[in-house]
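**Student:** Data: work37.pdb, PDB, C-alpha atoms, pLDDT in the B column.
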```pdb
MODEL        1
ATOM      1  CA  MET V   1     -65.977 237.248 148.976  1.00 43.00           C
ATOM      2  CA  THR V   2     -62.823 235.160 149.286  1.00 47.00           C
ATOM      3  CA  LEU V   3     -59.736 237.180 150.150  1.00 59.00           C
ATOM      4  CA  HIS V   4     -56.565 235.508 148.944  1.00 61.00           C
ATOM      5  CA  PRO V   5     -53.301 236.120 150.793  1.00 78.00           C
ATOM      6  CA  LEU V   6     -50.480 238.086 149.235  1.00 91.00           C
ATOM      7  CA  THR V   7     -48.839 235.463 147.032  1.00 93.00           C
ATOM      8  CA  LEU V   8     -46.806 237.108 144.256  1.00 97.00           C
ATOM      9  CA  LYS V   9     -43.622 237.560 146.301  1.00 97.00           C
ATOM     10  CA  LYS V  10     -43.683 233.856 147.141  1.00 96.00           C
ATOM     11  CA  LYS V  11     -44.315 232.917 143.501  1.00 97.00           C
ATOM     12  CA  LEU V  12     -41.396 235.038 142.358  1.00 98.00           C
ATOM     13  CA  ALA V  13     -39.141 233.338 144.918  1.00 97.00           C
ATOM     14  CA  ASP V  14     -39.985 229.913 143.449  1.00 97.00           C
ATOM     15  CA  PRO V  15     -37.694 229.363 140.428  1.00 96.00           C
ATOM     16  CA  SER V  16     -39.955 226.620 139.075  1.00 96.00           C
ATOM     17  CA  GLN V  17     -42.839 229.015 138.372  1.00 97.00           C
ATOM     18  CA  LYS V  18     -43.438 230.870 135.093  1.00 97.00           C
ATOM     19  CA  LEU V  19     -45.641 233.903 135.605  1.00 98.00           C
ATOM     20  CA  THR V  20     -47.771 236.365 133.674  1.00 98.00           C
ATOM     21  CA  ALA V  21     -48.664 240.012 134.169  1.00 98.00           C
ATOM     22  CA  HIS V  22     -50.616 242.563 132.172  1.00 97.00           C
ATOM     23  CA  VAL V  23     -50.005 246.303 132.153  1.00 98.00           C
ATOM     24  CA  CYS V  24     -53.342 248.088 132.517  1.00 98.00           C
ATOM     25  CA  THR V  25     -53.305 251.539 130.928  1.00 98.00           C
ATOM     26  CA  ILE V  26     -57.095 251.861 130.586  1.00 98.00           C
ATOM     27  CA  PRO V  27     -58.750 253.546 133.596  1.00 98.00           C
ATOM     28  CA  SER V  28     -61.425 250.910 134.162  1.00 97.00           C
ATOM     29  CA  ALA V  29     -61.948 248.246 136.808  1.00 98.00           C
ATOM     30  CA  THR V  30     -63.357 245.997 134.088  1.00 97.00           C
ATOM     31  CA  VAL V  31     -59.946 245.321 132.557  1.00 97.00           C
ATOM     32  CA  PRO V  32     -58.042 244.089 135.641  1.00 98.00           C
ATOM     33  CA  GLN V  33     -61.127 242.198 136.759  1.00 98.00           C
ATOM     34  CA  ALA V  34     -61.144 240.287 133.473  1.00 97.00           C
ATOM     35  CA  MET V  35     -57.383 239.736 133.555  1.00 97.00           C
ATOM     36  CA  ALA V  36     -57.581 238.445 137.122  1.00 97.00           C
ATOM     37  CA  ALA V  37     -60.521 236.160 136.334  1.00 96.00           C
ATOM     38  CA  ALA V  38     -58.544 234.747 133.397  1.00 96.00           C
ATOM     39  CA  GLY V  39     -55.869 233.577 135.834  1.00 96.00           C
ATOM     40  CA  SER V  40     -53.194 236.259 135.457  1.00 97.00           C
ATOM     41  CA  ASP V  41     -50.603 236.232 138.208  1.00 98.00           C
ATOM     42  CA  ALA V  42     -50.490 240.046 138.324  1.00 98.00           C
ATOM     43  CA  VAL V  43     -51.825 243.222 136.807  1.00 98.00           C
ATOM     44  CA  ILE V  44     -49.691 246.351 136.670  1.00 98.00           C
ATOM     45  CA  ILE V  45     -51.861 249.429 137.010  1.00 98.00           C
ATOM     46  CA  ASP V  46     -49.992 251.990 134.969  1.00 98.00           C
ATOM     47  CA  MET V  47     -49.925 255.452 136.507  1.00 98.00           C
ATOM     48  CA  GLU V  48     -46.731 256.364 134.641  1.00 97.00           C
ATOM     49  CA  HIS V  49     -47.797 256.024 131.011  1.00 96.00           C
ATOM     50  CA  GLY V  50     -51.485 255.106 131.301  1.00 97.00           C
ATOM     51  CA  ALA V  51     -54.620 257.225 131.719  1.00 97.00           C
ATOM     52  CA  VAL V  52     -55.125 256.061 135.304  1.00 98.00           C
ATOM     53  CA  ASP V  53     -55.805 258.457 138.193  1.00 97.00           C
ATOM     54  CA  TYR V  54     -55.940 257.544 141.893  1.00 97.00           C
ATOM     55  CA  ALA V  55     -59.694 256.949 141.989  1.00 97.00           C
ATOM     56  CA  SER V  56     -59.442 254.623 139.002  1.00 98.00           C
ATOM     57  CA  ALA V  57     -56.429 252.884 140.524  1.00 98.00           C
ATOM     58  CA  HIS V  58     -58.378 252.187 143.717  1.00 98.00           C
ATOM     59  CA  ALA V  59     -61.248 250.636 141.758  1.00 98.00           C
ATOM     60  CA  MET V  60     -58.833 248.606 139.619  1.00 98.00           C
ATOM     61  CA  ILE V  61     -57.041 247.249 142.673  1.00 98.00           C
ATOM     62  CA  ALA V  62     -60.352 246.366 144.327  1.00 97.00           C
ATOM     63  CA  ALA V  63     -61.472 244.540 141.166  1.00 97.00           C
ATOM     64  CA  THR V  64     -58.797 241.858 141.680  1.00 96.00           C
ATOM     65  CA  ALA V  65     -60.217 240.825 145.066  1.00 94.00           C
ATOM     66  CA  GLY V  66     -61.398 237.229 145.249  1.00 92.00           C
ATOM     67  CA  THR V  67     -58.579 236.058 142.976  1.00 94.00           C
ATOM     68  CA  SER V  68     -54.887 235.283 143.396  1.00 94.00           C
ATOM     69  CA  CYS V  69     -53.960 238.036 140.904  1.00 97.00           C
ATOM     70  CA  ALA V  70     -51.614 240.581 142.497  1.00 98.00           C
ATOM     71  CA  PRO V  71     -52.451 244.246 141.890  1.00 98.00           C
ATOM     72  CA  LEU V  72     -49.224 246.178 141.353  1.00 98.00           C
ATOM     73  CA  VAL V  73     -48.950 249.891 140.589  1.00 98.00           C
ATOM     74  CA  ARG V  74     -46.360 251.493 138.331  1.00 98.00           C
ATOM     75  CA  ILE V  75     -45.711 254.971 139.702  1.00 98.00           C
ATOM     76  CA  THR V  76     -44.233 257.937 137.838  1.00 98.00           C
ATOM     77  CA  GLN V  77     -41.014 258.221 139.835  1.00 97.00           C
ATOM     78  CA  ASN V  78     -39.150 256.699 142.758  1.00 98.00           C
ATOM     79  CA  ASP V  79     -40.984 258.814 145.308  1.00 98.00           C
ATOM     80  CA  PRO V  80     -41.938 257.492 148.779  1.00 97.00           C
ATOM     81  CA  ALA V  81     -45.035 259.719 148.771  1.00 97.00           C
ATOM     82  CA  GLN V  82     -46.296 258.053 145.601  1.00 98.00           C
ATOM     83  CA  VAL V  83     -45.437 254.616 146.982  1.00 98.00           C
ATOM     84  CA  LYS V  84     -47.332 255.300 150.189  1.00 98.00           C
ATOM     85  CA  ARG V  85     -50.423 256.453 148.379  1.00 98.00           C
ATOM     86  CA  ALA V  86     -50.483 253.497 145.971  1.00 98.00           C
ATOM     87  CA  LEU V  87     -49.984 250.986 148.779  1.00 98.00           C
ATOM     88  CA  ASP V  88     -52.666 252.690 150.841  1.00 98.00           C
ATOM     89  CA  LEU V  89     -55.069 252.049 147.954  1.00 98.00           C
ATOM     90  CA  GLY V  90     -54.402 248.325 148.473  1.00 97.00           C
ATOM     91  CA  ALA V  91     -51.594 247.580 146.000  1.00 98.00           C
ATOM     92  CA  GLU V  92     -49.591 244.399 146.549  1.00 98.00           C
ATOM     93  CA  GLY V  93     -46.433 245.997 145.250  1.00 98.00           C
ATOM     94  CA  ILE V  94     -44.847 248.769 143.267  1.00 98.00           C
ATOM     95  CA  VAL V  95     -43.131 248.938 139.883  1.00 98.00           C
ATOM     96  CA  PHE V  96     -40.390 251.568 140.153  1.00 98.00           C
ATOM     97  CA  PRO V  97     -39.307 253.362 136.952  1.00 98.00           C
ATOM     98  CA  LEU V  98     -35.928 254.865 136.126  1.00 96.00           C
ATOM     99  CA  ILE V  99     -33.810 253.124 138.752  1.00 98.00           C
ATOM    100  CA  ARG V 100     -30.255 254.331 138.093  1.00 98.00           C
ATOM    101  CA  SER V 101     -28.162 253.269 141.094  1.00 98.00           C
ATOM    102  CA  ALA V 102     -27.940 251.123 144.206  1.00 98.00           C
ATOM    103  CA  GLU V 103     -29.037 254.180 146.208  1.00 98.00           C
ATOM    104  CA  ASP V 104     -32.201 254.386 144.102  1.00 98.00           C
ATOM    105  CA  ALA V 105     -32.854 250.693 144.712  1.00 98.00           C
ATOM    106  CA  GLU V 106     -32.352 251.066 148.465  1.00 98.00           C
ATOM    107  CA  LYS V 107     -34.772 254.001 148.498  1.00 98.00           C
ATOM    108  CA  ALA V 108     -37.364 251.920 146.657  1.00 98.00           C
ATOM    109  CA  VAL V 109     -37.073 248.953 149.001  1.00 98.00           C
ATOM    110  CA  ALA V 110     -37.281 251.151 152.108  1.00 98.00           C
ATOM    111  CA  SER V 111     -40.453 252.861 150.897  1.00 98.00           C
ATOM    112  CA  LEU V 112     -42.286 249.507 150.889  1.00 98.00           C
ATOM    113  CA  ARG V 113     -41.589 248.705 154.542  1.00 97.00           C
ATOM    114  CA  TYR V 114     -42.755 250.178 157.810  1.00 96.00           C
ATOM    115  CA  PRO V 115     -40.205 251.229 160.438  1.00 96.00           C
ATOM    116  CA  PRO V 116     -37.815 249.923 161.634  1.00 95.00           C
ATOM    117  CA  HIS V 117     -37.193 248.174 158.289  1.00 95.00           C
ATOM    118  CA  GLY V 118     -38.247 251.122 156.116  1.00 96.00           C
ATOM    119  CA  ASN V 119     -39.945 254.488 156.124  1.00 97.00           C
ATOM    120  CA  ARG V 120     -43.533 253.908 154.980  1.00 97.00           C
ATOM    121  CA  GLY V 121     -46.058 256.023 156.834  1.00 95.00           C
ATOM    122  CA  PHE V 122     -49.042 254.328 158.473  1.00 96.00           C
ATOM    123  CA  GLY V 123     -52.497 255.076 157.099  1.00 96.00           C
ATOM    124  CA  PRO V 124     -54.045 252.040 155.353  1.00 97.00           C
ATOM    125  CA  PHE V 125     -57.606 253.292 155.770  1.00 97.00           C
ATOM    126  CA  LEU V 126     -58.558 251.853 152.362  1.00 96.00           C
ATOM    127  CA  ALA V 127     -55.937 249.131 151.990  1.00 97.00           C
ATOM    128  CA  HIS V 128     -56.899 247.051 155.026  1.00 96.00           C
ATOM    129  CA  SER V 129     -60.286 246.222 153.512  1.00 94.00           C
ATOM    130  CA  ARG V 130     -58.644 244.929 150.306  1.00 94.00           C
ATOM    131  CA  TRP V 131     -56.714 242.368 152.335  1.00 94.00           C
ATOM    132  CA  GLY V 132     -59.479 241.438 154.768  1.00 92.00           C
ATOM    133  CA  THR V 133     -57.777 242.725 157.901  1.00 93.00           C
ATOM    134  CA  THR V 134     -58.557 245.273 160.548  1.00 95.00           C
ATOM    135  CA  LEU V 135     -56.817 248.616 160.323  1.00 96.00           C
ATOM    136  CA  LEU V 136     -54.307 247.725 163.030  1.00 95.00           C
ATOM    137  CA  ASP V 137     -53.703 244.178 161.746  1.00 95.00           C
ATOM    138  CA  TYR V 138     -52.872 245.389 158.242  1.00 95.00           C
ATOM    139  CA  ARG V 139     -49.226 246.106 159.040  1.00 95.00           C
ATOM    140  CA  GLU V 140     -48.519 242.586 160.264  1.00 94.00           C
ATOM    141  CA  THR V 141     -50.410 241.136 157.278  1.00 93.00           C
ATOM    142  CA  VAL V 142     -48.485 242.899 154.520  1.00 95.00           C
ATOM    143  CA  ASP V 143     -45.140 244.104 155.857  1.00 93.00           C
ATOM    144  CA  GLY V 144     -42.397 242.071 154.214  1.00 93.00           C
ATOM    145  CA  HIS V 145     -44.813 240.593 151.651  1.00 96.00           C
ATOM    146  CA  LEU V 146     -45.086 243.501 149.217  1.00 98.00           C
ATOM    147  CA  VAL V 147     -43.379 243.211 145.838  1.00 98.00           C
ATOM    148  CA  CYS V 148     -40.521 245.451 144.721  1.00 98.00           C
ATOM    149  CA  CYS V 149     -40.099 245.517 140.939  1.00 98.00           C
ATOM    150  CA  LEU V 150     -37.373 247.688 139.425  1.00 98.00           C
ATOM    151  CA  MET V 151     -37.348 248.974 135.847  1.00 98.00           C
ATOM    152  CA  VAL V 152     -33.882 249.058 134.264  1.00 98.00           C
ATOM    153  CA  GLU V 153     -34.165 251.572 131.441  1.00 96.00           C
ATOM    154  CA  THR V 154     -31.133 253.881 131.385  1.00 97.00           C
ATOM    155  CA  ARG V 155     -27.433 253.820 130.562  1.00 97.00           C
ATOM    156  CA  ASP V 156     -26.715 254.622 134.233  1.00 98.00           C
ATOM    157  CA  ALA V 157     -28.655 251.564 135.362  1.00 98.00           C
ATOM    158  CA  ILE V 158     -26.659 249.325 133.028  1.00 98.00           C
ATOM    159  CA  GLU V 159     -23.377 250.721 134.349  1.00 98.00           C
ATOM    160  CA  ASN V 160     -24.500 250.161 137.951  1.00 98.00           C
ATOM    161  CA  ILE V 161     -26.471 246.947 137.514  1.00 98.00           C
ATOM    162  CA  GLU V 162     -24.246 244.731 139.674  1.00 98.00           C
ATOM    163  CA  GLU V 163     -24.518 247.181 142.595  1.00 98.00           C
ATOM    164  CA  ILE V 164     -28.283 247.499 142.054  1.00 98.00           C
ATOM    165  CA  CYS V 165     -28.740 243.728 142.125  1.00 98.00           C
ATOM    166  CA  ALA V 166     -26.763 243.513 145.372  1.00 98.00           C
ATOM    167  CA  VAL V 167     -29.455 245.483 147.246  1.00 98.00           C
ATOM    168  CA  PRO V 168     -31.573 243.165 149.447  1.00 98.00           C
ATOM    169  CA  GLY V 169     -35.331 243.185 148.972  1.00 98.00           C
ATOM    170  CA  ILE V 170     -35.644 243.294 145.168  1.00 98.00           C
ATOM    171  CA  ASP V 171     -38.213 240.789 143.880  1.00 98.00           C
ATOM    172  CA  LEU V 172     -38.159 241.409 140.130  1.00 98.00           C
ATOM    173  CA  ILE V 173     -36.104 243.302 137.554  1.00 98.00           C
ATOM    174  CA  VAL V 174     -37.529 244.309 134.184  1.00 98.00           C
ATOM    175  CA  PRO V 175     -35.212 245.661 131.477  1.00 97.00           C
ATOM    176  CA  ALA V 176     -37.458 248.160 129.676  1.00 94.00           C
ATOM    177  CA  GLN V 177     -36.537 247.793 126.045  1.00 92.00           C
ATOM    178  CA  PHE V 178     -38.202 250.922 124.695  1.00 92.00           C
ATOM    179  CA  ASP V 179     -36.761 253.383 127.214  1.00 94.00           C
ATOM    180  CA  LEU V 180     -33.410 251.620 127.384  1.00 96.00           C
ATOM    181  CA  SER V 181     -32.847 251.606 123.640  1.00 96.00           C
ATOM    182  CA  THR V 182     -33.869 255.269 123.508  1.00 96.00           C
ATOM    183  CA  ASP V 183     -31.467 256.236 126.292  1.00 96.00           C
ATOM    184  CA  LEU V 184     -28.707 254.353 124.481  1.00 96.00           C
ATOM    185  CA  GLY V 185     -29.402 256.434 121.356  1.00 96.00           C
ATOM    186  CA  ILE V 186     -30.695 253.476 119.345  1.00 96.00           C
ATOM    187  CA  SER V 187     -34.442 253.796 119.923  1.00 96.00           C
ATOM    188  CA  GLY V 188     -36.314 250.667 118.896  1.00 93.00           C
ATOM    189  CA  GLN V 189     -33.192 248.971 117.501  1.00 96.00           C
ATOM    190  CA  PHE V 190     -33.454 245.824 119.569  1.00 95.00           C
ATOM    191  CA  ASP V 191     -30.994 243.930 117.348  1.00 96.00           C
ATOM    192  CA  HIS V 192     -28.292 246.581 117.773  1.00 97.00           C
ATOM    193  CA  PRO V 193     -25.101 245.175 119.369  1.00 96.00           C
ATOM    194  CA  ASP V 194     -25.102 247.864 122.072  1.00 97.00           C
ATOM    195  CA  PHE V 195     -28.649 247.020 123.084  1.00 97.00           C
ATOM    196  CA  LYS V 196     -27.972 243.293 123.098  1.00 96.00           C
ATOM    197  CA  ALA V 197     -24.855 243.840 125.208  1.00 97.00           C
ATOM    198  CA  ALA V 198     -26.803 245.950 127.721  1.00 97.00           C
ATOM    199  CA  ILE V 199     -29.545 243.350 128.066  1.00 97.00           C
ATOM    200  CA  ALA V 200     -26.990 240.570 128.445  1.00 97.00           C
ATOM    201  CA  LYS V 201     -25.298 242.507 131.257  1.00 98.00           C
ATOM    202  CA  VAL V 202     -28.625 242.873 133.095  1.00 98.00           C
ATOM    203  CA  GLU V 203     -29.375 239.186 132.649  1.00 98.00           C
ATOM    204  CA  ARG V 204     -25.968 238.153 134.016  1.00 98.00           C
ATOM    205  CA  ALA V 205     -26.226 240.423 137.044  1.00 98.00           C
ATOM    206  CA  ALA V 206     -29.798 239.441 137.912  1.00 98.00           C
ATOM    207  CA  ASN V 207     -29.094 235.725 137.492  1.00 97.00           C
ATOM    208  CA  ALA V 208     -25.960 235.986 139.627  1.00 97.00           C
ATOM    209  CA  ALA V 209     -28.022 237.625 142.379  1.00 98.00           C
ATOM    210  CA  SER V 210     -30.928 235.147 141.944  1.00 97.00           C
ATOM    211  CA  ILE V 211     -33.339 237.973 141.122  1.00 98.00           C
ATOM    212  CA  PRO V 212     -36.138 236.986 138.713  1.00 98.00           C
ATOM    213  CA  LEU V 213     -36.366 238.783 135.377  1.00 98.00           C
ATOM    214  CA  GLY V 214     -39.462 239.931 133.543  1.00 98.00           C
ATOM    215  CA  ASN V 215     -40.032 241.273 130.062  1.00 97.00           C
ATOM    216  CA  VAL V 216     -42.682 241.916 127.437  1.00 95.00           C
ATOM    217  CA  GLY V 217     -44.001 238.855 125.615  1.00 94.00           C
ATOM    218  CA  LEU V 218     -46.773 239.676 123.160  1.00 92.00           C
ATOM    219  CA  SER V 219     -46.804 236.326 121.376  1.00 92.00           C
ATOM    220  CA  LYS V 220     -46.244 232.696 122.276  1.00 94.00           C
ATOM    221  CA  PRO V 221     -42.898 232.568 120.398  1.00 94.00           C
ATOM    222  CA  GLN V 222     -41.724 235.691 122.273  1.00 94.00           C
ATOM    223  CA  ALA V 223     -42.778 234.169 125.578  1.00 95.00           C
ATOM    224  CA  GLU V 224     -41.100 230.855 124.835  1.00 96.00           C
ATOM    225  CA  ALA V 225     -37.865 232.618 123.857  1.00 96.00           C
ATOM    226  CA  LEU V 226     -37.859 234.603 127.105  1.00 96.00           C
ATOM    227  CA  PHE V 227     -38.584 231.560 129.255  1.00 96.00           C
ATOM    228  CA  ALA V 228     -35.812 229.667 127.444  1.00 96.00           C
ATOM    229  CA  LYS V 229     -33.384 232.435 128.467  1.00 95.00           C
ATOM    230  CA  GLY V 230     -34.435 232.103 132.102  1.00 95.00           C
ATOM    231  CA  TYR V 231     -36.949 234.928 132.348  1.00 98.00           C
ATOM    232  CA  ARG V 232     -39.625 234.202 134.913  1.00 98.00           C
ATOM    233  CA  LEU V 233     -42.407 236.662 134.072  1.00 98.00           C
ATOM    234  CA  ILE V 234     -43.878 237.775 130.762  1.00 97.00           C
ATOM    235  CA  ALA V 235     -46.031 240.883 130.464  1.00 97.00           C
ATOM    236  CA  GLY V 236     -48.521 242.253 127.963  1.00 95.00           C
ATOM    237  CA  PHE V 237     -50.444 245.514 127.612  1.00 97.00           C
ATOM    238  CA  ASP V 238     -54.215 245.815 127.716  1.00 97.00           C
ATOM    239  CA  ILE V 239     -54.363 248.447 124.974  1.00 96.00           C
ATOM    240  CA  LEU V 240     -52.037 246.465 122.681  1.00 95.00           C
ATOM    241  CA  TRP V 241     -54.018 243.244 123.159  1.00 94.00           C
ATOM    242  CA  ILE V 242     -57.258 245.054 122.294  1.00 95.00           C
ATOM    243  CA  LYS V 243     -55.794 246.873 119.295  1.00 95.00           C
ATOM    244  CA  ALA V 244     -54.192 243.721 117.913  1.00 93.00           C
ATOM    245  CA  MET V 245     -57.422 241.757 118.233  1.00 93.00           C
ATOM    246  CA  ALA V 246     -59.416 244.556 116.608  1.00 95.00           C
ATOM    247  CA  ALA V 247     -56.938 244.682 113.714  1.00 94.00           C
ATOM    248  CA  GLU V 248     -57.118 240.918 113.283  1.00 92.00           C
ATOM    249  CA  THR V 249     -60.898 241.010 113.284  1.00 95.00           C
ATOM    250  CA  GLN V 250     -60.824 243.784 110.688  1.00 94.00           C
ATOM    251  CA  SER V 251     -58.653 241.578 108.474  1.00 91.00           C
ATOM    252  CA  TRP V 252     -61.453 239.041 108.344  1.00 93.00           C
ATOM    253  CA  THR V 253     -63.515 241.500 106.315  1.00 93.00           C
ATOM    254  CA  CYS V 254     -60.904 241.829 103.560  1.00 86.00           C
ATOM    255  CA  ASP V 255     -61.273 240.012 100.290  1.00 76.00           C
ATOM    256  CA  PRO V 256     -58.794 237.152  99.908  1.00 70.00           C
ATOM    257  CA  GLU V 257     -55.879 237.892  97.626  1.00 65.00           C
ATOM    258  CA  ILE V 258     -56.346 236.772  94.077  1.00 50.00           C
ATOM    259  CA  SER V 259     -53.386 234.694  92.937  1.00 45.00           C
TER     260      SER V 259
ENDMDL
END
```
Step by step, read the file and then write its structure as structure tokens.
**Tutor:**
Amino acid sequence: MTLHPLTLKKKLADPSQKLTAHVCTIPSATVPQAMAAAGSDAVIIDMEHGAVDYASAHAMIAATAGTSCAPLVRITQNDPAQVKRALDLGAEGIVFPLIRSAEDAEKAVASLRYPPHGNRGFGPFLAHSRWGTTLLDYRETVDGHLVCCLMVETRDAIENIEEICAVPGIDLIVPAQFDLSTDLGISGQFDHPDFKAAIAKVERAANAASIPLGNVGLSKPQAEALFAKGYRLIAGFDILWIKAMAAETQSWTCDPEIS
């Protein structure tokens, strides 16, 4: 088995690269394995909104081995204990939900690093095998190479976005349109002026700080529009891809309209 080095942080730091990721909500190693084999830059194993438990997450992370696809884990809250456990399963980075302030961002960054640069506890009994190292070599292999992705999804985050973006160590910012619009009191109204203004503020702050942006792109036109605005990473959802394809297939059985 070929073990690829941790590459996503380097890809994100290269402004010439356009990247893909897929949020995996289905608790099966088959899905991230297929996504990785298809050439995806990352999979995001969703422990916040998906049906994934820790045993499933471990298998899903392991299923990306032998590819250059980065296994990230979205945790349920900005909690160093959750970060530690996900990284010790072999994750290449963490997606942090509900970041509201610079202090939250600093806490997230610190939880990814070992002392003296952070506060991660040492116990990669499973993770070292994912990256082809010995137990004691694991720290040197990964420290400083793990990906920190922050979700911007609240009114507080919008108000504090410049301070958040000033925190060193952030690799990717994703404005979460569903949660953000809901917190703004305009759930799902993505054309609302308040929502557009909030997104524009995030884009300005992230671009000024040279932090890559990611967002959901479920069609080629959506992806092209995001890339044209300077977004670097587009993401899809396993369950939405499957449901959309099933619905399309079902449409093939319908009688053509009679004009």
**Student:** May I ask which of the residues V:Ala157, V:Met60, V:Leu150, V:Leu135 is the closest one to V:Ala29, counting only C-alpha atoms?
**Tutor:**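 That would be V:Met60, the residue with the smallest distance to V:Ala29.
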**Student:** Have a look at atom CA of V:Cys24 and atom CA of V:Gly50 and let me know their distance in Å, one decimal.
**Tutor:**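 Between atom CA of V:Cys24 and atom CA of V:Gly50 the gap is 7.4 Å.
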**Student:** Any chance you could work out the axis-aligned box around stretch 172-183 of chain V, listed atoms only, 3 Å on each side, giving centre and edge lengths in Å to one decimal, as AutoDock Vina command-line options?
**Tutor:**
```
--center_x -34.8 --center_y 248.8 --center_z 131.8 --size_x 12.7 --size_y 20.8 --size_z 22.6
```
**Student:** If the PyMOL selection byres ((chain V and resi 54-57) around 7) is run on the structure shown, which residues does it catch, given as number ranges by chain?
**Tutor:** V: 27-28, 45, 52-53, 58-61
**Student:** Using all atoms listed in the file, can you tell me which of V:Cys148, V:Val216, V:Ile158, V:Ala127 comes closest to V:Ala200?
**Tutor:**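 Answer, going by the shortest atom-to-atom distance: V:Ile158.
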**Student:** So that I can see what lies close to V:Glu153, please list as a list in words the residues with an atom at most 12 Å from it, counting only C-alpha atoms and leaving out residues fewer than 6 positions away in the same chain.
**Tutor:**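 In the requested format, the answer is Phe96, Pro97, Leu98, Ile99, Arg100, Ser101, Glu159, Asn160, Ile161, Ile173, Val174, Pro175, Ala176, Gln177, Phe178, Asp179, Leu180, Ser181, Thr182, Asp183, Leu184, Ser187, Phe195, Ala198, Ile199, Val202 and Asn215 of chain V.
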**Student:** So which residues fall inside 8 Å of (-37.1, 246.8, 145.2) if we count only C-alpha atoms? Mind giving them as a PyMOL selection string?
**Tutor:** chain V and resi 96+105-106+108-109+147-150+168-172
**Student:** Which residues come within 10 Å of V:Ala37, counting all atoms listed in the file, excluding same-chain residues fewer than 6 positions away, as a PyMOL selection string?
**Tutor:** chain V and resi 31+63-69
**Student:** With distances taken over all atoms listed in the file, which of V:Glu203, V:Asp137, V:Glu48, V:Asp156 is nearest to V:Arg232?
**Tutor:**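 Nearest candidate to V:Arg232 out of V:Glu203, V:Asp137, V:Glu48, V:Asp156: V:Glu203.
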**Student:** Just give me the gap between atom CA of V:Ala228 and atom CA of V:Phe190 in Å, one decimal is fine.
**Tutor:**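 So the answer is 18.1 Å.
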**Student:** Excluding same-chain residues fewer than 3 positions from V:Leu8, what lies within 7 Å of it counting all atoms listed in the file, as a ChimeraX atom specification?
**Tutor:** /V:11-12,70
**Student:** Rank nothing, just name the residue among V:Asn119, V:Thr133, V:Thr154, V:Gln222 nearest to V:Pro5, using all atoms listed in the file.
**Tutor:**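 Closest residue, counting all atoms listed in the file: V:Thr133.
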**Student:** Only N, CA and C atoms needed: put stretch 77-88 of chain V from the block into a file as a PDB file, in the first residue's frame.
**Tutor:**
```pdb
ATOM      1  N   GLN V  77     -18.529  20.306  17.984  1.00  0.00           N
ATOM      2  CA  GLN V  77     -18.274  21.598  18.606  1.00  0.00           C
ATOM      3  C   GLN V  77     -16.770  21.802  18.745  1.00  0.00           C
ATOM      4  N   ASN V  78     -16.392  23.036  18.994  1.00  0.00           N
ATOM      5  CA  ASN V  78     -14.979  23.394  19.107  1.00  0.00           C
ATOM      6  C   ASN V  78     -14.440  22.920  20.455  1.00  0.00           C
ATOM      7  N   ASP V  79     -14.163  21.627  20.512  1.00  0.00           N
ATOM      8  CA  ASP V  79     -13.806  20.958  21.757  1.00  0.00           C
ATOM      9  C   ASP V  79     -12.492  20.207  21.561  1.00  0.00           C
ATOM     10  N   PRO V  80     -11.417  20.586  22.272  1.00  0.00           N
ATOM     11  CA  PRO V  80     -10.135  19.905  22.109  1.00  0.00           C
ATOM     12  C   PRO V  80     -10.199  18.396  22.307  1.00  0.00           C
ATOM     13  N   ALA V  81     -11.112  17.921  23.155  1.00  0.00           N
ATOM     14  CA  ALA V  81     -11.243  16.477  23.360  1.00  0.00           C
ATOM     15  C   ALA V  81     -11.746  15.793  22.093  1.00  0.00           C
ATOM     16  N   GLN V  82     -12.692  16.435  21.413  1.00  0.00           N
ATOM     17  CA  GLN V  82     -13.180  15.868  20.152  1.00  0.00           C
ATOM     18  C   GLN V  82     -12.104  15.935  19.069  1.00  0.00           C
ATOM     19  N   VAL V  83     -11.367  17.040  19.038  1.00  0.00           N
ATOM     20  CA  VAL V  83     -10.284  17.183  18.071  1.00  0.00           C
ATOM     21  C   VAL V  83      -9.253  16.082  18.262  1.00  0.00           C
ATOM     22  N   LYS V  84      -8.845  15.895  19.489  1.00  0.00           N
ATOM     23  CA  LYS V  84      -7.833  14.877  19.808  1.00  0.00           C
ATOM     24  C   LYS V  84      -8.275  13.504  19.346  1.00  0.00           C
ATOM     25  N   ARG V  85      -9.518  13.175  19.623  1.00  0.00           N
ATOM     26  CA  ARG V  85      -9.978  11.831  19.277  1.00  0.00           C
ATOM     27  C   ARG V  85     -10.047  11.640  17.770  1.00  0.00           C
ATOM     28  N   ALA V  86     -10.536  12.658  17.045  1.00  0.00           N
ATOM     29  CA  ALA V  86     -10.615  12.551  15.587  1.00  0.00           C
ATOM     30  C   ALA V  86      -9.223  12.453  14.958  1.00  0.00           C
ATOM     31  N   LEU V  87      -8.294  13.265  15.440  1.00  0.00           N
ATOM     32  CA  LEU V  87      -6.934  13.201  14.906  1.00  0.00           C
ATOM     33  C   LEU V  87      -6.276  11.874  15.240  1.00  0.00           C
ATOM     34  N   ASP V  88      -6.570  11.338  16.409  1.00  0.00           N
ATOM     35  CA  ASP V  88      -5.982  10.059  16.797  1.00  0.00           C
ATOM     36  C   ASP V  88      -6.575   8.879  16.030  1.00  0.00           C
TER      37      ASP V  88
END
```
